[in-house]
$ cat coords_22.cif   # mmCIF, C-alpha atoms
data_run
#
loop_
_atom_site.label_atom_id
_atom_site.label_comp_id
_atom_site.auth_asym_id
_atom_site.auth_seq_id
_atom_site.Cartn_x
_atom_site.Cartn_y
_atom_site.Cartn_z
CA MET A 1 87.60 115.37 86.58
CA ALA A 2 91.40 115.56 86.55
CA ASP A 3 91.72 114.72 90.25
CA ILE A 4 89.32 111.76 89.86
CA VAL A 5 91.57 110.39 87.11
CA SER A 6 94.71 110.97 89.16
CA THR A 7 93.12 109.22 92.19
CA VAL A 8 92.21 106.22 90.02
CA VAL A 9 95.71 106.04 88.50
CA ALA A 10 97.46 106.49 91.86
CA ASN A 11 95.51 103.58 93.37
CA TYR A 12 96.01 101.24 90.39
CA ASN A 13 96.92 98.31 92.66
CA TYR A 14 93.47 98.30 94.34
CA TRP A 15 91.74 98.14 90.95
CA ILE A 16 93.86 95.17 89.94
CA TYR A 17 93.03 93.40 93.24
CA ILE A 18 89.32 93.95 92.59
CA THR A 19 89.80 92.57 89.06
CA LEU A 20 91.48 89.45 90.45
CA MET A 21 88.68 89.01 93.01
CA MET A 22 86.04 89.26 90.30
CA ILE A 23 87.92 86.73 88.12
CA GLY A 24 87.82 84.30 91.06
CA LEU A 25 84.14 84.99 91.77
CA TYR A 26 83.28 84.46 88.07
CA ALA A 27 85.10 81.11 88.12
CA ILE A 28 83.25 79.95 91.25
CA ILE A 29 79.85 80.87 89.82
CA ALA A 30 80.13 80.23 86.09
CA LYS A 31 82.66 77.42 85.55
CA ASN A 32 81.24 73.93 85.10
CA ASN A 33 84.24 71.84 86.20
CA LEU A 34 84.82 71.25 89.93
CA VAL A 35 88.63 71.65 89.75
CA LYS A 36 88.20 74.96 87.88
CA LYS A 37 85.88 76.13 90.67
CA ILE A 38 88.53 75.25 93.26
CA VAL A 39 91.16 77.23 91.28
CA GLY A 40 88.75 80.18 91.27
CA MET A 41 88.29 79.90 95.02
CA ASN A 42 92.06 80.10 95.52
CA ILE A 43 92.38 83.11 93.21
CA PHE A 44 89.66 84.92 95.19
CA GLN A 45 91.45 84.12 98.43
CA THR A 46 94.90 85.29 97.29
CA ALA A 47 93.35 88.55 95.99
CA ILE A 48 92.02 89.30 99.49
CA ILE A 49 95.38 88.40 101.08
CA LEU A 50 97.09 90.70 98.56
CA PHE A 51 94.78 93.57 99.57
CA TYR A 52 95.58 93.11 103.27
CA VAL A 53 99.36 92.90 102.76
CA SER A 54 99.34 96.01 100.56
CA ILE A 55 97.84 98.02 103.46
CA GLY A 56 101.07 97.52 105.43
CA VAL A 57 103.29 99.05 102.72
CA LYS A 58 104.87 102.45 103.49
CA LYS A 59 106.74 104.79 101.18
CA GLY A 60 110.52 104.57 101.65
CA ALA A 61 110.26 101.84 104.29
CA THR A 62 112.31 98.65 104.46
CA ILE A 63 111.42 95.09 105.48
CA PRO A 64 110.37 94.76 109.17
CA ILE A 65 113.70 93.47 110.54
CA LEU A 66 115.73 95.66 112.94
CA GLU A 67 119.04 96.88 111.50
CA HIS A 68 122.22 96.19 113.54
CA ALA A 69 120.18 94.42 116.21
CA HIS A 70 123.02 91.90 116.75
CA GLY A 71 125.90 94.37 116.40
CA GLY A 72 126.60 94.53 120.12
CA HIS A 73 126.29 98.32 120.48
CA GLY A 74 122.51 98.58 120.60
CA TYR A 75 120.20 100.16 118.07
CA GLY A 76 119.02 103.19 120.02
CA VAL A 77 115.60 104.54 119.09
CA VAL A 78 113.53 102.50 116.63
CA HIS A 79 111.54 104.63 114.19
CA ALA A 80 108.40 102.74 113.17
CA ALA A 81 108.08 104.84 110.00
CA GLU A 82 111.26 103.24 108.58
CA TYR A 83 109.80 99.72 108.61
CA ALA A 84 106.81 98.21 106.78
CA ASN A 85 103.91 97.36 109.09
CA PRO A 86 104.34 93.66 110.00
CA LEU A 87 100.87 93.14 111.53
CA PRO A 88 99.01 92.38 108.25
CA HIS A 89 101.87 90.06 107.21
CA VAL A 90 101.47 87.92 110.32
CA LEU A 91 97.68 87.77 110.00
CA MET A 92 97.85 86.80 106.32
CA LEU A 93 100.48 84.12 107.03
CA THR A 94 97.75 82.29 108.97
CA ALA A 95 95.31 82.83 106.10
CA ILE A 96 97.71 81.21 103.59
CA VAL A 97 98.10 78.09 105.74
CA VAL A 98 94.33 77.86 106.32
CA GLY A 99 93.91 78.26 102.54
CA VAL A 100 96.05 75.20 101.83
CA ALA A 101 93.98 73.17 104.33
CA THR A 102 90.77 74.31 102.58
CA LEU A 103 92.28 73.36 99.21
CA GLY A 104 93.13 69.87 100.47
CA VAL A 105 89.61 69.26 101.77
CA ALA A 106 88.04 70.63 98.57
CA LEU A 107 90.18 68.40 96.32
CA ALA A 108 89.46 65.35 98.52
CA LEU A 109 85.72 66.03 98.15
CA ALA A 110 86.16 66.42 94.37
CA ILE A 111 87.92 63.03 94.17
CA ARG A 112 85.09 61.47 96.22
CA VAL A 113 82.49 62.98 93.85
CA TYR A 114 84.44 61.64 90.86
CA ASN A 115 84.51 58.12 92.33
CA GLU A 116 80.74 58.28 92.86
CA TYR A 117 79.61 59.80 89.53
CA ASN A 118 82.64 59.22 87.26
CA THR A 119 82.72 62.83 86.09
CA LEU A 120 83.84 66.27 87.34
CA GLU A 121 81.35 68.33 85.30
CA GLU A 122 78.62 69.87 87.42
CA ASP A 123 75.76 69.51 84.92
CA GLU A 124 76.49 65.81 84.31
CA ILE A 125 76.53 65.18 88.07
CA LEU A 126 73.19 66.99 88.47
CA ALA A 127 71.68 65.00 85.58
CA GLN A 128 72.78 61.73 87.20
CA ILE A 129 71.29 62.81 90.55
CA ARG A 130 67.95 63.61 88.86
CA GLU A 131 67.86 60.18 87.12
CA GLU A 132 68.12 58.29 90.41
CA MET B 1 108.04 99.41 96.78
CA VAL B 2 109.28 99.86 93.19
CA TRP B 3 106.17 100.62 91.19
CA PRO B 4 107.30 99.52 87.65
CA ILE B 5 108.13 96.00 88.94
CA ASP B 6 104.87 95.99 90.91
CA LEU B 7 102.80 96.94 87.86
CA ALA B 8 104.57 94.43 85.58
CA VAL B 9 104.12 91.53 88.00
CA LEU B 10 100.47 92.51 88.66
CA THR B 11 99.79 92.40 84.91
CA LEU B 12 101.42 88.97 84.71
CA VAL B 13 99.34 87.78 87.70
CA VAL B 14 96.07 88.77 86.02
CA MET B 15 97.13 87.15 82.73
CA VAL B 16 98.16 83.87 84.39
CA ALA B 17 94.92 83.82 86.44
CA ILE B 18 92.80 84.21 83.30
CA GLY B 19 94.96 81.62 81.49
CA SER B 20 94.57 79.01 84.22
CA LEU B 21 90.79 79.40 84.02
CA MET B 22 90.60 79.37 80.18
CA VAL B 23 92.87 76.40 79.41
CA LYS B 24 91.05 73.23 78.27
CA ASP B 25 93.26 70.80 80.18
CA LEU B 26 93.16 70.37 83.96
CA LEU B 27 96.87 69.49 84.23
CA GLY B 28 97.68 72.72 82.37
CA ALA B 29 95.40 74.60 84.75
CA ALA B 30 97.28 73.11 87.71
CA ILE B 31 100.69 74.14 86.35
CA LEU B 32 99.45 77.64 85.48
CA PHE B 33 98.07 77.92 89.01
CA GLY B 34 101.58 77.10 90.28
CA ALA B 35 102.93 79.92 88.10
CA TYR B 36 100.24 82.22 89.55
CA SER B 37 101.35 81.37 93.10
CA PHE B 38 104.97 82.08 92.21
CA MET B 39 104.05 85.48 90.73
CA MET B 40 102.19 86.19 93.97
CA CYS B 41 105.39 85.32 95.87
CA LEU B 42 107.34 87.86 93.77
CA LEU B 43 104.68 90.48 94.49
CA TRP B 44 105.04 89.99 98.24
CA THR B 45 108.80 90.29 98.03
CA VAL B 46 108.34 93.62 96.22
CA MET B 47 105.99 94.77 99.00
CA GLY B 48 108.58 93.89 101.70
CA ALA B 49 106.59 91.01 103.20
CA VAL B 50 109.43 88.47 103.04
CA ASP B 51 107.92 86.06 105.60
CA VAL B 52 104.69 85.85 103.61
CA ALA B 53 106.72 85.45 100.41
CA PHE B 54 108.62 82.38 101.49
CA THR B 55 105.53 80.79 103.05
CA GLU B 56 103.76 81.29 99.71
CA ALA B 57 106.73 79.89 97.77
CA SER B 58 106.79 76.68 99.81
CA VAL B 59 103.10 76.22 100.64
CA GLY B 60 101.32 77.96 97.75
CA ALA B 61 103.57 77.23 94.79
CA GLY B 62 104.87 73.90 96.17
CA VAL B 63 102.27 71.96 98.12
CA SER B 64 99.18 73.37 96.33
CA THR B 65 100.55 72.40 92.91
CA VAL B 66 101.36 68.90 94.15
CA PHE B 67 97.80 68.60 95.53
CA PHE B 68 96.30 69.74 92.23
CA VAL B 69 98.45 67.40 90.11
CA GLY B 70 97.67 64.50 92.45
CA ALA B 71 93.93 65.20 92.28
CA VAL B 72 94.02 65.50 88.48
CA PHE B 73 95.85 62.16 88.14
CA ARG B 74 93.30 60.44 90.40
CA THR B 75 90.35 61.85 88.43
CA SER B 76 90.45 62.98 84.78
CA ARG B 77 92.20 65.66 82.73
CA ARG B 78 89.13 66.22 80.57
CA THR B 79 87.18 69.47 80.93
CA ARG B 80 84.70 71.30 78.73
CA ASP B 81 85.39 74.86 79.91
#
$ encode --input "coords_22.cif" --output "C-alpha coordinates"
Amino acid sequence: MADIVSTVVANYNYWIYITLMMIGLYAIIAKNNLVKKIVGMNIFQTAIILFYVSIGVKKGATIPILEHAHGGHGYGVVHAAEYANPLPHVLMLTAIVVGVATLGVALALAIRVYNEYNTLEEDEILAQIREE
Amino acid sequence: MVWPIDLAVLTLVVMVAIGSLMVKDLLGAAILFGAYSFMMCLLWTVMGAVDVAFTEASVGAGVSTVFFVGAVFRTSRRTRD
(Lines of atoms letter the chains of each structure in order from A and count residues from 1; the text may use other names and numbers.)
(Lines give C-alpha, C1' and ligand atoms only; values in the text may rest on other atoms or scores of the structure.)
Protein backbone atom coordinates (compact mmCIF):
# COMPACT_ATOMS: atom_id res chain seq x y z
CA MET A 1 0.00 0.00 0.00
CA ALA A 2 2.76 2.42 0.99
CA ASP A 3 4.70 1.91 -2.24
CA ILE A 4 1.52 2.39 -4.32
CA VAL A 5 0.99 5.75 -2.60
CA SER A 6 4.62 6.76 -3.09
CA THR A 7 4.45 5.80 -6.80
CA VAL A 8 1.31 7.92 -7.23
CA VAL A 9 2.86 10.90 -5.42
CA ALA A 10 6.18 10.61 -7.28
CA ASN A 11 4.40 10.70 -10.65
CA TYR A 12 2.10 13.61 -9.76
CA ASN A 13 2.77 15.37 -13.07
CA TYR A 14 1.26 12.49 -15.11
CA TRP A 15 -1.94 12.61 -13.05
CA ILE A 16 -2.27 16.34 -13.67
CA TYR A 17 -1.76 15.80 -17.43
CA ILE A 18 -4.52 13.19 -17.43
CA THR A 19 -6.76 15.63 -15.52
CA LEU A 20 -6.11 18.34 -18.13
CA MET A 21 -6.84 15.87 -20.94
CA MET A 22 -10.13 14.87 -19.34
CA ILE A 23 -11.10 18.55 -18.86
CA GLY A 24 -10.56 19.07 -22.59
CA LEU A 25 -12.48 15.91 -23.52
CA TYR A 26 -15.38 16.96 -21.26
CA ALA A 27 -15.49 20.37 -22.97
CA ILE A 28 -15.54 18.82 -26.46
CA ILE A 29 -18.36 16.43 -25.57
CA ALA A 30 -20.54 18.33 -23.09
CA LYS A 31 -20.23 22.06 -23.87
CA ASN A 32 -22.98 23.57 -26.01
CA ASN A 33 -21.13 26.56 -27.47
CA LEU A 34 -18.87 26.05 -30.51
CA VAL A 35 -16.09 28.39 -29.28
CA LYS A 36 -16.04 26.57 -25.91
CA LYS A 37 -15.63 23.29 -27.81
CA ILE A 38 -12.66 24.74 -29.70
CA VAL A 39 -11.07 25.88 -26.40
CA GLY A 40 -11.53 22.33 -25.10
CA MET A 41 -9.87 20.91 -28.20
CA ASN A 42 -6.83 23.13 -27.61
CA ILE A 43 -6.61 22.16 -23.93
CA PHE A 44 -6.66 18.47 -24.90
CA GLN A 45 -3.92 19.06 -27.43
CA THR A 46 -1.61 20.99 -25.08
CA ALA A 47 -2.05 18.26 -22.43
CA ILE A 48 -0.71 15.67 -24.89
CA ILE A 49 2.18 17.96 -25.90
CA LEU A 50 2.96 18.46 -22.19
CA PHE A 51 3.11 14.68 -21.70
CA TYR A 52 5.56 14.23 -24.58
CA VAL A 53 7.86 17.07 -23.49
CA SER A 54 7.94 15.77 -19.90
CA ILE A 55 9.35 12.44 -21.17
CA GLY A 56 12.55 14.25 -22.25
CA VAL A 57 13.25 15.66 -18.77
CA LYS A 58 16.25 14.21 -16.88
CA LYS A 59 17.28 14.71 -13.28
CA GLY A 60 20.13 17.23 -12.92
CA ALA A 61 20.26 17.94 -16.66
CA THR A 62 20.46 21.36 -18.31
CA ILE A 63 18.88 22.75 -21.49
CA PRO A 64 20.07 21.00 -24.69
CA ILE A 65 22.66 23.60 -25.79
CA LEU A 66 26.38 22.68 -25.77
CA GLU A 67 28.44 24.58 -23.20
CA HIS A 68 31.55 26.46 -24.45
CA ALA A 69 30.85 25.34 -28.02
CA HIS A 70 32.09 28.70 -29.35
CA GLY A 71 34.99 29.12 -26.91
CA GLY A 72 37.64 28.20 -29.46
CA HIS A 73 39.23 25.38 -27.44
CA GLY A 74 36.72 22.64 -28.21
CA TYR A 75 34.34 20.93 -25.85
CA GLY A 76 35.89 17.46 -25.69
CA VAL A 77 33.51 14.62 -24.92
CA VAL A 78 29.79 15.42 -24.80
CA HIS A 79 27.92 13.54 -22.08
CA ALA A 80 24.31 13.04 -23.19
CA ALA A 81 23.20 12.53 -19.58
CA GLU A 82 23.98 16.20 -18.80
CA TYR A 83 21.46 17.54 -21.32
CA ALA A 84 17.67 17.16 -21.55
CA ASN A 85 16.55 14.98 -24.46
CA PRO A 86 15.79 17.40 -27.35
CA LEU A 87 13.96 14.89 -29.60
CA PRO A 88 10.47 15.29 -28.01
CA HIS A 89 10.94 19.08 -28.03
CA VAL A 90 11.49 19.15 -31.79
CA LEU A 91 8.56 16.83 -32.49
CA MET A 92 6.20 18.85 -30.29
CA LEU A 93 7.32 22.13 -31.89
CA THR A 94 5.70 20.84 -35.10
CA ALA A 95 2.58 19.84 -33.14
CA ILE A 96 2.18 23.38 -31.73
CA VAL A 97 2.34 24.96 -35.20
CA VAL A 98 -0.11 22.39 -36.61
CA GLY A 99 -2.35 23.15 -33.62
CA VAL A 100 -2.54 26.84 -34.51
CA ALA A 101 -3.47 25.94 -38.10
CA THR A 102 -6.24 23.64 -36.80
CA LEU A 103 -7.47 26.44 -34.51
CA GLY A 104 -7.64 28.88 -37.44
CA VAL A 105 -9.67 26.47 -39.58
CA ALA A 106 -12.00 25.63 -36.67
CA LEU A 107 -12.69 29.31 -35.89
CA ALA A 108 -13.26 30.07 -39.60
CA LEU A 109 -15.84 27.26 -39.73
CA ALA A 110 -17.48 28.59 -36.54
CA ILE A 111 -17.79 32.08 -38.11
CA ARG A 112 -19.30 30.50 -41.24
CA VAL A 113 -21.84 28.59 -39.11
CA TYR A 114 -22.71 31.81 -37.25
CA ASN A 115 -23.33 33.67 -40.53
CA GLU A 116 -25.64 30.86 -41.67
CA TYR A 117 -27.67 30.25 -38.47
CA ASN A 118 -27.04 33.45 -36.45
CA THR A 119 -26.10 31.52 -33.31
CA LEU A 120 -23.14 29.58 -31.87
CA GLU A 121 -25.18 27.26 -29.61
CA GLU A 122 -25.27 23.69 -30.86
CA ASP A 123 -28.85 22.87 -29.84
CA GLU A 124 -30.25 26.01 -31.52
CA ILE A 125 -28.38 25.16 -34.73
CA LEU A 126 -29.75 21.59 -34.65
CA ALA A 127 -33.29 22.89 -34.04
CA GLN A 128 -33.00 25.22 -37.05
CA ILE A 129 -31.71 22.36 -39.22
CA ARG A 130 -34.69 20.18 -38.20
CA GLU A 131 -37.19 22.98 -39.05
CA GLU A 132 -35.97 23.27 -42.63
CA MET B 1 13.44 20.65 -13.02
CA VAL B 2 12.50 22.42 -9.76
CA TRP B 3 9.48 20.54 -8.48
CA PRO B 4 7.83 23.24 -6.25
CA ILE B 5 7.66 25.66 -9.21
CA ASP B 6 6.44 22.82 -11.43
CA LEU B 7 3.66 21.86 -9.01
CA ALA B 8 2.57 25.48 -8.45
CA VAL B 9 2.38 26.25 -12.18
CA LEU B 10 0.57 22.94 -12.88
CA THR B 11 -2.07 23.85 -10.28
CA LEU B 12 -2.48 27.27 -11.89
CA VAL B 13 -2.79 25.63 -15.34
CA VAL B 14 -5.63 23.38 -14.19
CA MET B 15 -7.41 26.30 -12.49
CA VAL B 16 -7.15 28.57 -15.54
CA ALA B 17 -8.31 25.73 -17.83
CA ILE B 18 -11.42 25.14 -15.70
CA GLY B 19 -12.00 28.91 -15.47
CA SER B 20 -11.85 29.43 -19.23
CA LEU B 21 -14.49 26.71 -19.68
CA MET B 22 -16.78 27.94 -16.86
CA VAL B 23 -16.87 31.67 -17.60
CA LYS B 24 -20.15 32.94 -19.13
CA ASP B 25 -18.55 35.36 -21.58
CA LEU B 26 -16.67 34.27 -24.71
CA LEU B 27 -14.27 37.24 -24.63
CA GLY B 28 -13.37 36.29 -21.05
CA ALA B 29 -12.84 32.70 -22.18
CA ALA B 30 -10.48 33.92 -24.91
CA ILE B 31 -8.39 35.99 -22.49
CA LEU B 32 -8.27 33.15 -19.94
CA PHE B 33 -7.14 30.83 -22.73
CA GLY B 34 -4.29 33.28 -23.40
CA ALA B 35 -3.35 33.08 -19.71
CA TYR B 36 -3.47 29.27 -19.98
CA SER B 37 -1.05 29.33 -22.93
CA PHE B 38 1.32 31.60 -21.01
CA MET B 39 1.29 29.25 -17.99
CA MET B 40 2.09 26.42 -20.41
CA CYS B 41 5.05 28.48 -21.66
CA LEU B 42 6.34 28.83 -18.07
CA LEU B 43 5.97 25.08 -17.58
CA TRP B 44 8.12 24.35 -20.63
CA THR B 45 10.80 26.73 -19.45
CA VAL B 46 10.88 24.85 -16.12
CA MET B 47 11.26 21.57 -18.02
CA GLY B 48 14.23 22.95 -20.03
CA ALA B 49 12.44 23.00 -23.38
CA VAL B 50 13.28 26.62 -24.20
CA ASP B 51 12.62 26.32 -27.95
CA VAL B 52 9.13 24.98 -27.31
CA ALA B 53 8.60 27.71 -24.71
CA PHE B 54 9.25 30.63 -27.00
CA THR B 55 7.25 29.07 -29.83
CA GLU B 56 4.34 28.71 -27.41
CA ALA B 57 4.75 32.29 -26.16
CA SER B 58 4.58 33.74 -29.67
CA VAL B 59 2.24 31.29 -31.40
CA GLY B 60 0.09 29.96 -28.55
CA ALA B 61 -0.29 32.96 -26.27
CA GLY B 62 -0.01 35.55 -29.09
CA VAL B 63 -1.58 34.42 -32.34
CA SER B 64 -4.18 32.04 -30.81
CA THR B 65 -5.54 34.78 -28.53
CA VAL B 66 -5.76 37.19 -31.46
CA PHE B 67 -7.64 34.53 -33.47
CA PHE B 68 -10.08 33.93 -30.62
CA VAL B 69 -10.73 37.63 -30.00
CA GLY B 70 -11.21 38.22 -33.73
CA ALA B 71 -13.66 35.32 -34.01
CA VAL B 72 -15.60 36.49 -30.93
CA PHE B 73 -15.92 40.03 -32.35
CA ARG B 74 -17.19 38.68 -35.68
CA THR B 75 -19.78 36.46 -33.99
CA SER B 76 -21.28 37.04 -30.51
CA ARG B 77 -20.05 37.15 -26.92
CA ARG B 78 -23.20 35.48 -25.63
CA THR B 79 -23.00 31.91 -24.32
CA ARG B 80 -25.22 29.81 -22.09
CA ASP B 81 -22.55 27.51 -20.61
$ atom_distance --input "coords_22.cif" --atom1 "CA of Leu21 (chain B)" --atom2 "CA of Glu124 (chain A)"
19.7 Å
$ closest_residue --input "coords_22.cif" --among "A:Leu93, A:Ile63, A:Lys37, A:Ile16" --to "Asp6 (chain B)" --atoms "only C-alpha atoms"
A:Ile16
$ interface_residues --input "coords_22.cif" --of "chain A" --to "chain B" --cutoff "7 Å" --atoms "all atoms listed in the file" --output "PyMOL selection string"
chain A and resi 20+31-33+36+54+57+62-63+84+89+93+100+104+107+111+114
$ write_last_selection --input "coords_22.cif" --atoms "C-alpha atoms" --output "tab-separated table (two decimals), in the coordinates of the input"
chain	number	residue	atom	x	y	z
A	20	LEU	CA	91.48	89.45	90.45
A	31	LYS	CA	82.66	77.42	85.55
A	32	ASN	CA	81.24	73.93	85.10
A	33	ASN	CA	84.24	71.84	86.20
A	36	LYS	CA	88.20	74.96	87.88
A	54	SER	CA	99.34	96.01	100.56
A	57	VAL	CA	103.29	99.05	102.72
A	62	THR	CA	112.31	98.65	104.46
A	63	ILE	CA	111.42	95.09	105.48
A	84	ALA	CA	106.81	98.21	106.78
A	89	HIS	CA	101.87	90.06	107.21
A	93	LEU	CA	100.48	84.12	107.03
A	100	VAL	CA	96.05	75.20	101.83
A	104	GLY	CA	93.13	69.87	100.47
A	107	LEU	CA	90.18	68.40	96.32
A	111	ILE	CA	87.92	63.03	94.17
A	114	TYR	CA	84.44	61.64	90.86
$ atom_distance --input "coords_22.cif" --atom1 "CA of Ile55 (chain A)" --atom2 "CA of Val9 (chain B)"
17.9 Å
$ residues_around --input "coords_22.cif" --residues "Gln45 (chain A)" --least-positions-apart "6" --cutoff "9 Å" --atoms "all atoms listed in the file" --output "JSON, numbers by chain"
{"A": [21, 24, 95, 96, 99]}
$ residues_around --input "coords_22.cif" --residues "Ile38 (chain A)" --least-positions-apart "4" --cutoff "8 Å" --atoms "only C-alpha atoms" --output "number ranges by chain"
A: 28, 34, 42, 103, 106-107
$ atom_distance --input "coords_22.cif" --atom1 "CA of Ala57 (chain B)" --atom2 "CA of Tyr52 (chain A)"
18.1 Å
$ resolve_selection --input "coords_22.cif" --expression "the PyMOL selection byres ((chain A and resi 51) around 10)" --output "number ranges by chain"
A: 13-14, 16-18, 46-50, 52-56, 88
$ axis_aligned_box --input "coords_22.cif" --around "region 6-19 of chain A" --padding-each-side "6 Å" --output "lines of an AutoDock Vina configuration file"
center_x = 93.4
center_y = 101.8
center_z = 91.4
size_x = 20.1
size_y = 30.4
size_z = 17.8
$ residues_around --input "coords_22.cif" --residues "Ala127 (chain A)" --least-positions-apart "6" --cutoff "12 Å" --atoms "all atoms listed in the file" --output "MDAnalysis selection string"
chainID A and resid 117 119 121
$ closest_residue --input "coords_22.cif" --among "B:Leu12, B:Ala61, B:Pro4, B:Val69" --to "Phe38 (chain B)" --atoms "all atoms listed in the file"
B:Ala61
